[in-house]
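Trainee: Before I ask anything, here is the structure I am working with.
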Amino acid sequence: MGKTWGKHLIIDAYGVEEKKLKNRRTVLNLLRGLPKKFKMRPLGNAVVKKVASDLYSDWGLSGFIMLYESHISLHTWPEKRYMAIDVYSCKDFDDKKIIKYIKKYWDAKKIKTKVIIRG
C-alpha cells in the first residue's frame with residue numbers, strides 16, 4: 001500500500017442508555033479522555049452542543065475535538081438510544097482498541113463499525 005492520508009474509524013452504537021446520551025458531561029469526558037488514552041494530541045478544547053430543531057421532536061448532543069492528527073466527532077440521538085462517532089487521524093491508531101473502549105464507555109448493546117483508509 002502506498003502513501004495514505006489517514007485512517008477513518010466510523011462507529012454506530014445502539015442500545016445506549018438514553019440518560020447517558022443526554023448528558024453533556026459524559027460526551028465531554030469521552031472527547032477529552034479518548035485522545036489521552038490513545039496518545040492523540042488535542043489542538044484545543046472539546047466542544048459539545050445541544051442540537052434541536054423544529055423539524056424533529058427529539059434532540060441530541062453533538063461534540064467535536066480537533067487533534068493535531070485530525071479530529072473526533074460524535075452525535076447522539078437519545079430517544080433512539082443511538083450514537084455515532086468518527087475518529088479520523090493521519091497518525092495510525094489501533095481501531096480495535098478504540099472500538100472496545102467505545103463499546104465499554106457507552107455500555108452499547110450493539111456496535112457496527114467501518115474503517116476507511118483515506119488517500
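Letters for chains follow the order of the C-alpha cells (A, B, ...), residue numbers begin at 1 for each chain, and ligand numbers begin at 1 in the order shown.
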Counting only C-alpha atoms, what are the residues of segment 1-54 of chain A within 9 Å of segment 96-111 of chain A, and for each of them which pair of atoms is the nearest and at what distance in Å, to one decimal? Sort the table by chain and rising number, as CSV.
Mentor:
```
residue,atom,partner,partner_atom,distance
A:Leu9,CA,A:Ile99,CA,8.7
A:Ile11,CA,A:Ile111,CA,6.9
A:Asp12,CA,A:Ile111,CA,5.7
A:Ala13,CA,A:Ile111,CA,4.6
A:Tyr14,CA,A:Lys110,CA,5.1
A:Gly15,CA,A:Lys109,CA,4.9
A:Val16,CA,A:Ala108,CA,4.9
A:Glu17,CA,A:Trp106,CA,7.8
A:Lys20,CA,A:Trp106,CA,7.6
A:Leu21,CA,A:Trp106,CA,8.6
A:Leu30,CA,A:Tyr105,CA,8.0
A:Leu34,CA,A:Ile98,CA,8.1
A:Phe38,CA,A:Ile98,CA,7.9
```
Trainee: Please identify which residues in chain A DSSP calls alpha helix (DSSP H) from the backbone, and express them as a JSON list (two decimals) with all heavy atoms, in the first residue's frame.
Mentor:
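Listed below is the output, selection_23.json:
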```json
[["chain", "number", "residue", "atom", "x", "y", "z"],
["A", 18, "GLU", "N", -30.45, 6.10, 27.38],
["A", 18, "GLU", "CA", -30.89, 7.44, 26.95],
["A", 18, "GLU", "C", -30.30, 8.54, 27.83],
["A", 18, "GLU", "O", -29.86, 9.58, 27.34],
["A", 18, "GLU", "CB", -32.42, 7.51, 26.97],
["A", 18, "GLU", "CG", -32.98, 8.78, 26.42],
["A", 18, "GLU", "CD", -34.50, 8.78, 26.34],
["A", 18, "GLU", "OE1", -35.13, 7.71, 26.45],
["A", 18, "GLU", "OE2", -35.07, 9.87, 26.17],
["A", 19, "LYS", "N", -30.27, 8.30, 29.14],
["A", 19, "LYS", "CA", -29.76, 9.29, 30.09],
["A", 19, "LYS", "C", -28.30, 9.66, 29.78],
["A", 19, "LYS", "O", -27.91, 10.82, 29.86],
["A", 19, "LYS", "CB", -29.90, 8.74, 31.51],
["A", 19, "LYS", "CG", -29.50, 9.69, 32.61],
["A", 19, "LYS", "CD", -29.86, 9.15, 33.99],
["A", 19, "LYS", "CE", -28.85, 8.13, 34.43],
["A", 19, "LYS", "NZ", -29.05, 7.66, 35.80],
["A", 20, "LYS", "N", -27.49, 8.67, 29.42],
["A", 20, "LYS", "CA", -26.09, 8.93, 29.08],
["A", 20, "LYS", "C", -25.98, 9.78, 27.83],
["A", 20, "LYS", "O", -25.12, 10.66, 27.74],
["A", 20, "LYS", "CB", -25.34, 7.61, 28.84],
["A", 20, "LYS", "CG", -25.02, 6.84, 30.08],
["A", 20, "LYS", "CD", -24.23, 5.60, 29.71],
["A", 20, "LYS", "CE", -23.87, 4.78, 30.90],
["A", 20, "LYS", "NZ", -23.09, 3.59, 30.54],
["A", 21, "LEU", "N", -26.82, 9.50, 26.85],
["A", 21, "LEU", "CA", -26.75, 10.21, 25.57],
["A", 21, "LEU", "C", -27.22, 11.66, 25.69],
["A", 21, "LEU", "O", -26.94, 12.48, 24.81],
["A", 21, "LEU", "CB", -27.57, 9.48, 24.52],
["A", 21, "LEU", "CG", -27.05, 8.08, 24.16],
["A", 21, "LEU", "CD1", -28.03, 7.38, 23.23],
["A", 21, "LEU", "CD2", -25.68, 8.14, 23.55],
["A", 24, "ARG", "N", -24.31, 16.00, 28.80],
["A", 24, "ARG", "CA", -23.23, 16.77, 28.18],
["A", 24, "ARG", "C", -21.88, 16.41, 28.78],
["A", 24, "ARG", "O", -20.88, 16.29, 28.07],
["A", 24, "ARG", "CB", -23.50, 18.28, 28.36],
["A", 24, "ARG", "CG", -22.48, 19.14, 27.68],
["A", 24, "ARG", "CD", -22.81, 20.64, 27.87],
["A", 24, "ARG", "NE", -21.80, 21.45, 27.24],
["A", 24, "ARG", "CZ", -20.62, 21.76, 27.80],
["A", 24, "ARG", "NH1", -20.32, 21.30, 28.99],
["A", 24, "ARG", "NH2", -19.75, 22.51, 27.15],
["A", 25, "ARG", "N", -21.81, 16.22, 30.09],
["A", 25, "ARG", "CA", -20.55, 15.90, 30.77],
["A", 25, "ARG", "C", -20.02, 14.54, 30.29],
["A", 25, "ARG", "O", -18.82, 14.38, 30.09],
["A", 25, "ARG", "CB", -20.78, 15.89, 32.28],
["A", 25, "ARG", "CG", -19.59, 15.50, 33.12],
["A", 25, "ARG", "CD", -18.44, 16.46, 33.14],
["A", 25, "ARG", "NE", -18.83, 17.82, 33.36],
["A", 25, "ARG", "CZ", -18.09, 18.87, 33.01],
["A", 25, "ARG", "NH1", -16.94, 18.70, 32.43],
["A", 25, "ARG", "NH2", -18.51, 20.09, 33.24],
["A", 26, "THR", "N", -20.89, 13.56, 30.08],
["A", 26, "THR", "CA", -20.47, 12.24, 29.60],
["A", 26, "THR", "C", -19.83, 12.34, 28.22],
["A", 26, "THR", "O", -18.78, 11.74, 27.96],
["A", 26, "THR", "CB", -21.68, 11.28, 29.56],
["A", 26, "THR", "OG1", -22.22, 11.17, 30.87],
["A", 26, "THR", "CG2", -21.30, 9.91, 29.06],
["A", 27, "VAL", "N", -20.43, 13.13, 27.34],
["A", 27, "VAL", "CA", -19.89, 13.32, 25.99],
["A", 27, "VAL", "C", -18.57, 14.08, 26.06],
["A", 27, "VAL", "O", -17.58, 13.70, 25.41],
["A", 27, "VAL", "CB", -20.91, 14.05, 25.08],
["A", 27, "VAL", "CG1", -20.29, 14.40, 23.73],
["A", 27, "VAL", "CG2", -22.16, 13.19, 24.88],
["A", 28, "LEU", "N", -18.53, 15.12, 26.85],
["A", 28, "LEU", "CA", -17.32, 15.92, 27.00],
["A", 28, "LEU", "C", -16.17, 15.08, 27.56],
["A", 28, "LEU", "O", -15.03, 15.14, 27.07],
["A", 28, "LEU", "CB", -17.61, 17.11, 27.92],
["A", 28, "LEU", "CG", -16.65, 18.28, 27.90],
["A", 28, "LEU", "CD1", -16.49, 18.85, 26.50],
["A", 28, "LEU", "CD2", -17.14, 19.38, 28.84],
["A", 29, "ASN", "N", -16.45, 14.27, 28.56],
["A", 29, "ASN", "CA", -15.42, 13.41, 29.14],
["A", 29, "ASN", "C", -14.86, 12.42, 28.12],
["A", 29, "ASN", "O", -13.66, 12.13, 28.12],
["A", 29, "ASN", "CB", -15.95, 12.66, 30.37],
["A", 29, "ASN", "CG", -16.11, 13.57, 31.57],
["A", 29, "ASN", "OD1", -15.56, 14.67, 31.62],
["A", 29, "ASN", "ND2", -16.88, 13.13, 32.54],
["A", 30, "LEU", "N", -15.71, 11.90, 27.25],
["A", 30, "LEU", "CA", -15.24, 10.99, 26.21],
["A", 30, "LEU", "C", -14.32, 11.73, 25.24],
["A", 30, "LEU", "O", -13.23, 11.25, 24.91],
["A", 30, "LEU", "CB", -16.41, 10.38, 25.44],
["A", 30, "LEU", "CG", -15.96, 9.48, 24.27],
["A", 30, "LEU", "CD1", -15.27, 8.23, 24.78],
["A", 30, "LEU", "CD2", -17.12, 9.13, 23.39],
["A", 31, "LEU", "N", -14.74, 12.91, 24.80],
["A", 31, "LEU", "CA", -13.93, 13.67, 23.83],
["A", 31, "LEU", "C", -12.60, 14.13, 24.43],
["A", 31, "LEU", "O", -11.62, 14.28, 23.70],
["A", 31, "LEU", "CB", -14.72, 14.88, 23.31],
["A", 31, "LEU", "CG", -15.90, 14.53, 22.41],
["A", 31, "LEU", "CD1", -16.73, 15.77, 22.13],
["A", 31, "LEU", "CD2", -15.43, 13.89, 21.11],
["A", 32, "ARG", "N", -12.55, 14.33, 25.72],
["A", 32, "ARG", "CA", -11.29, 14.68, 26.39],
["A", 32, "ARG", "C", -10.44, 13.45, 26.68],
["A", 32, "ARG", "O", -9.22, 13.48, 26.56],
["A", 32, "ARG", "CB", -11.58, 15.40, 27.70],
["A", 32, "ARG", "CG", -12.12, 16.79, 27.53],
["A", 32, "ARG", "CD", -12.48, 17.37, 28.89],
["A", 32, "ARG", "NE", -12.96, 18.73, 28.79],
["A", 32, "ARG", "CZ", -13.66, 19.33, 29.73],
["A", 32, "ARG", "NH1", -13.97, 18.68, 30.85],
["A", 32, "ARG", "NH2", -14.06, 20.57, 29.57],
["A", 33, "GLY", "N", -11.10, 12.37, 27.08],
["A", 33, "GLY", "CA", -10.38, 11.18, 27.53],
["A", 33, "GLY", "C", -9.86, 10.29, 26.42],
["A", 33, "GLY", "O", -8.78, 9.70, 26.54],
["A", 34, "LEU", "N", -10.62, 10.16, 25.34],
["A", 34, "LEU", "CA", -10.21, 9.26, 24.26],
["A", 34, "LEU", "C", -8.86, 9.67, 23.67],
["A", 34, "LEU", "O", -7.98, 8.82, 23.51],
["A", 34, "LEU", "CB", -11.30, 9.20, 23.18],
["A", 34, "LEU", "CG", -11.17, 8.05, 22.21],
["A", 34, "LEU", "CD1", -12.55, 7.51, 21.86],
["A", 34, "LEU", "CD2", -10.46, 8.47, 20.96],
["A", 35, "PRO", "N", -8.62, 10.94, 23.35],
["A", 35, "PRO", "CA", -7.29, 11.30, 22.83],
["A", 35, "PRO", "C", -6.16, 11.00, 23.81],
["A", 35, "PRO", "O", -5.10, 10.53, 23.40],
["A", 35, "PRO", "CB", -7.41, 12.81, 22.58],
["A", 35, "PRO", "CG", -8.86, 13.06, 22.38],
["A", 35, "PRO", "CD", -9.54, 12.08, 23.31],
["A", 36, "LYS", "N", -6.38, 11.25, 25.10],
["A", 36, "LYS", "CA", -5.34, 10.97, 26.09],
["A", 36, "LYS", "C", -5.02, 9.48, 26.14],
["A", 36, "LYS", "O", -3.86, 9.09, 26.14],
["A", 36, "LYS", "CB", -5.79, 11.44, 27.48],
["A", 36, "LYS", "CG", -5.78, 12.92, 27.67],
["A", 36, "LYS", "CD", -6.26, 13.29, 29.06],
["A", 36, "LYS", "CE", -6.47, 14.79, 29.17],
["A", 36, "LYS", "NZ", -7.15, 15.15, 30.41],
["A", 37, "LYS", "N", -6.07, 8.68, 26.18],
["A", 37, "LYS", "CA", -5.88, 7.23, 26.29],
["A", 37, "LYS", "C", -5.16, 6.65, 25.09],
["A", 37, "LYS", "O", -4.38, 5.71, 25.22],
["A", 37, "LYS", "CB", -7.24, 6.55, 26.48],
["A", 37, "LYS", "CG", -7.13, 5.05, 26.63],
["A", 37, "LYS", "CD", -8.34, 4.46, 27.28],
["A", 37, "LYS", "CE", -8.23, 2.97, 27.47],
["A", 37, "LYS", "NZ", -7.25, 2.56, 28.46],
["A", 95, "ASP", "N", -7.58, 0.67, 15.82],
["A", 95, "ASP", "CA", -9.04, 0.81, 15.75],
["A", 95, "ASP", "C", -9.77, -0.21, 16.61],
["A", 95, "ASP", "O", -10.80, 0.10, 17.20],
["A", 95, "ASP", "CB", -9.53, 0.77, 14.29],
["A", 95, "ASP", "CG", -8.99, -0.40, 13.52],
["A", 95, "ASP", "OD1", -7.82, -0.32, 13.07],
["A", 95, "ASP", "OD2", -9.72, -1.38, 13.34],
["A", 96, "LYS", "N", -9.24, -1.41, 16.73],
["A", 96, "LYS", "CA", -9.91, -2.44, 17.54],
["A", 96, "LYS", "C", -9.95, -2.03, 19.02],
["A", 96, "LYS", "O", -10.96, -2.25, 19.69],
["A", 96, "LYS", "CB", -9.22, -3.78, 17.35],
["A", 96, "LYS", "CG", -9.48, -4.38, 15.97],
["A", 96, "LYS", "CD", -8.69, -5.63, 15.75],
["A", 96, "LYS", "CE", -8.86, -6.25, 14.39],
["A", 96, "LYS", "NZ", -8.94, -5.36, 13.26],
["A", 97, "LYS", "N", -8.88, -1.43, 19.51],
["A", 97, "LYS", "CA", -8.86, -0.97, 20.91],
["A", 97, "LYS", "C", -9.83, 0.19, 21.12],
["A", 97, "LYS", "O", -10.49, 0.26, 22.16],
["A", 97, "LYS", "CB", -7.45, -0.58, 21.32],
["A", 97, "LYS", "CG", -6.54, -1.77, 21.56],
["A", 97, "LYS", "CD", -5.19, -1.35, 22.08],
["A", 97, "LYS", "CE", -4.33, -2.57, 22.33],
["A", 97, "LYS", "NZ", -2.98, -2.19, 22.80],
["A", 98, "ILE", "N", -9.92, 1.09, 20.16],
["A", 98, "ILE", "CA", -10.86, 2.21, 20.29],
["A", 98, "ILE", "C", -12.29, 1.69, 20.25],
["A", 98, "ILE", "O", -13.13, 2.13, 21.03],
["A", 98, "ILE", "CB", -10.60, 3.28, 19.21],
["A", 98, "ILE", "CG1", -9.27, 3.98, 19.53],
["A", 98, "ILE", "CG2", -11.76, 4.28, 19.15],
["A", 98, "ILE", "CD1", -8.87, 5.05, 18.55],
["A", 99, "ILE", "N", -12.60, 0.75, 19.38],
["A", 99, "ILE", "CA", -13.94, 0.16, 19.31],
["A", 99, "ILE", "C", -14.30, -0.48, 20.66],
["A", 99, "ILE", "O", -15.39, -0.25, 21.19],
["A", 99, "ILE", "CB", -14.02, -0.87, 18.17],
["A", 99, "ILE", "CG1", -13.92, -0.16, 16.82],
["A", 99, "ILE", "CG2", -15.30, -1.71, 18.27],
["A", 99, "ILE", "CD1", -13.62, -1.08, 15.64],
["A", 100, "LYS", "N", -13.38, -1.24, 21.23],
["A", 100, "LYS", "CA", -13.62, -1.88, 22.53],
["A", 100, "LYS", "C", -13.86, -0.82, 23.61],
["A", 100, "LYS", "O", -14.76, -0.95, 24.44],
["A", 100, "LYS", "CB", -12.41, -2.75, 22.88],
["A", 100, "LYS", "CG", -12.56, -3.55, 24.14],
["A", 100, "LYS", "CD", -11.35, -4.45, 24.35],
["A", 100, "LYS", "CE", -11.47, -5.22, 25.65],
["A", 100, "LYS", "NZ", -10.32, -6.09, 25.87],
["A", 101, "TYR", "N", -13.06, 0.25, 23.59],
["A", 101, "TYR", "CA", -13.18, 1.34, 24.57],
["A", 101, "TYR", "C", -14.55, 2.01, 24.45],
["A", 101, "TYR", "O", -15.22, 2.25, 25.45],
["A", 101, "TYR", "CB", -12.04, 2.34, 24.32],
["A", 101, "TYR", "CG", -12.06, 3.54, 25.24],
["A", 101, "TYR", "CD1", -11.56, 3.46, 26.53],
["A", 101, "TYR", "CD2", -12.55, 4.76, 24.80],
["A", 101, "TYR", "CE1", -11.56, 4.57, 27.37],
["A", 101, "TYR", "CE2", -12.55, 5.87, 25.62],
["A", 101, "TYR", "CZ", -12.05, 5.77, 26.90],
["A", 101, "TYR", "OH", -12.05, 6.87, 27.72],
["A", 102, "ILE", "N", -14.97, 2.32, 23.23],
["A", 102, "ILE", "CA", -16.25, 2.99, 23.00],
["A", 102, "ILE", "C", -17.41, 2.10, 23.44],
["A", 102, "ILE", "O", -18.35, 2.56, 24.09],
["A", 102, "ILE", "CB", -16.41, 3.39, 21.51],
["A", 102, "ILE", "CG1", -15.36, 4.44, 21.11],
["A", 102, "ILE", "CG2", -17.83, 3.86, 21.21],
["A", 102, "ILE", "CD1", -15.49, 5.77, 21.79],
["A", 103, "LYS", "N", -17.35, 0.83, 23.09],
["A", 103, "LYS", "CA", -18.43, -0.10, 23.47],
["A", 103, "LYS", "C", -18.57, -0.16, 24.99],
["A", 103, "LYS", "O", -19.68, -0.09, 25.53],
["A", 103, "LYS", "CB", -18.18, -1.49, 22.90],
["A", 103, "LYS", "CG", -19.32, -2.43, 23.18],
["A", 103, "LYS", "CD", -19.21, -3.73, 22.43],
["A", 103, "LYS", "CE", -20.47, -4.53, 22.70],
["A", 103, "LYS", "NZ", -20.56, -5.74, 21.96],
["A", 104, "LYS", "N", -17.44, -0.22, 25.69],
["A", 104, "LYS", "CA", -17.48, -0.28, 27.15],
["A", 104, "LYS", "C", -17.93, 1.07, 27.73],
["A", 104, "LYS", "O", -18.74, 1.11, 28.66],
["A", 104, "LYS", "CB", -16.11, -0.67, 27.69],
["A", 104, "LYS", "CG", -16.08, -0.82, 29.18],
["A", 104, "LYS", "CD", -14.73, -1.29, 29.67],
["A", 104, "LYS", "CE", -14.77, -1.42, 31.19],
["A", 104, "LYS", "NZ", -13.48, -1.82, 31.74],
["A", 105, "TYR", "N", -17.40, 2.17, 27.20],
["A", 105, "TYR", "CA", -17.72, 3.50, 27.72],
["A", 105, "TYR", "C", -19.22, 3.76, 27.67],
["A", 105, "TYR", "O", -19.80, 4.28, 28.62],
["A", 105, "TYR", "CB", -16.97, 4.57, 26.91],
["A", 105, "TYR", "CG", -17.12, 5.96, 27.48],
["A", 105, "TYR", "CD1", -16.23, 6.43, 28.43],
["A", 105, "TYR", "CD2", -18.15, 6.81, 27.08],
["A", 105, "TYR", "CE1", -16.35, 7.71, 28.98],
["A", 105, "TYR", "CE2", -18.28, 8.08, 27.62],
["A", 105, "TYR", "CZ", -17.38, 8.52, 28.56],
["A", 105, "TYR", "OH", -17.53, 9.78, 29.10],
["A", 106, "TRP", "N", -19.86, 3.42, 26.56],
["A", 106, "TRP", "CA", -21.29, 3.68, 26.39],
["A", 106, "TRP", "C", -22.15, 2.52, 26.85],
["A", 106, "TRP", "O", -23.37, 2.63, 26.86],
["A", 106, "TRP", "CB", -21.61, 3.99, 24.93],
["A", 106, "TRP", "CG", -21.09, 5.32, 24.51],
["A", 106, "TRP", "CD1", -20.03, 5.56, 23.70],
["A", 106, "TRP", "CD2", -21.60, 6.60, 24.89],
["A", 106, "TRP", "NE1", -19.85, 6.92, 23.55],
["A", 106, "TRP", "CE2", -20.80, 7.57, 24.28],
["A", 106, "TRP", "CE3", -22.65, 7.01, 25.70],
["A", 106, "TRP", "CZ2", -21.02, 8.94, 24.44],
["A", 106, "TRP", "CZ3", -22.87, 8.37, 25.86],
["A", 106, "TRP", "CH2", -22.06, 9.32, 25.23]]
```
Trainee: With only C-alpha atoms as the basis for distance, which of A:Asp86, A:Ile117, A:Asp54, A:Asp94 is at the shortest distance from Ser70 of chain A?
Mentor: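 Ranked by minimum distance to Ser70 of chain A, first place goes to A:Asp86.
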Trainee: Applying 10 Å and only C-alpha atoms, which residues near Asp92 of chain A remain after dropping the ones on its own chain fewer than 6 positions away? List them as a list in words.
Mentor: Trp5, Gly6, Lys7, His8, Met40 and Glu69 of chain A
Trainee: Residues of chain A classed as strand (DSSP E) by DSSP on the backbone are to be reported as a PyMOL selection string.
Mentor: chain A and resi 6-14+47-53+56-66+70-77+82-89+110-118
Trainee: Pick out the closest residue to Met83 of chain A from this set: A:Val48, A:Thr4, A:Leu43, A:Lys22. Count only C-alpha atoms.
Mentor: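 For Met83 of chain A, the nearest of the candidates is A:Lys22.
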Trainee: To one decimal place in Å, what is the distance between atom CA of Lys80 of chain A and atom CA of Asn45 of chain A?
Mentor: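 Atom CA of Asn45 of chain A lies 27.9 Å from atom CA of Lys80 of chain A.
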Trainee: Quick one, how far is atom CA of Lys3 of chain A from atom CA of Ser73 of chain A?
Mentor: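 Separating atom CA of Lys3 of chain A from atom CA of Ser73 of chain A is a distance of 24.5 Å.
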Trainee: Just the number, please: distance in Å from atom CA of Lys49 of chain A to atom CA of Val87 of chain A, one decimal.
Mentor: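 So the two atoms, atom CA of Lys49 of chain A and atom CA of Val87 of chain A, lie 18.3 Å apart.
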Trainee: Which residue is closest to Ser89 of chain A? Choose from A:Ile116, A:Ala52, A:Val47, A:Leu74 and count only C-alpha atoms.
Mentor: A:Ile116
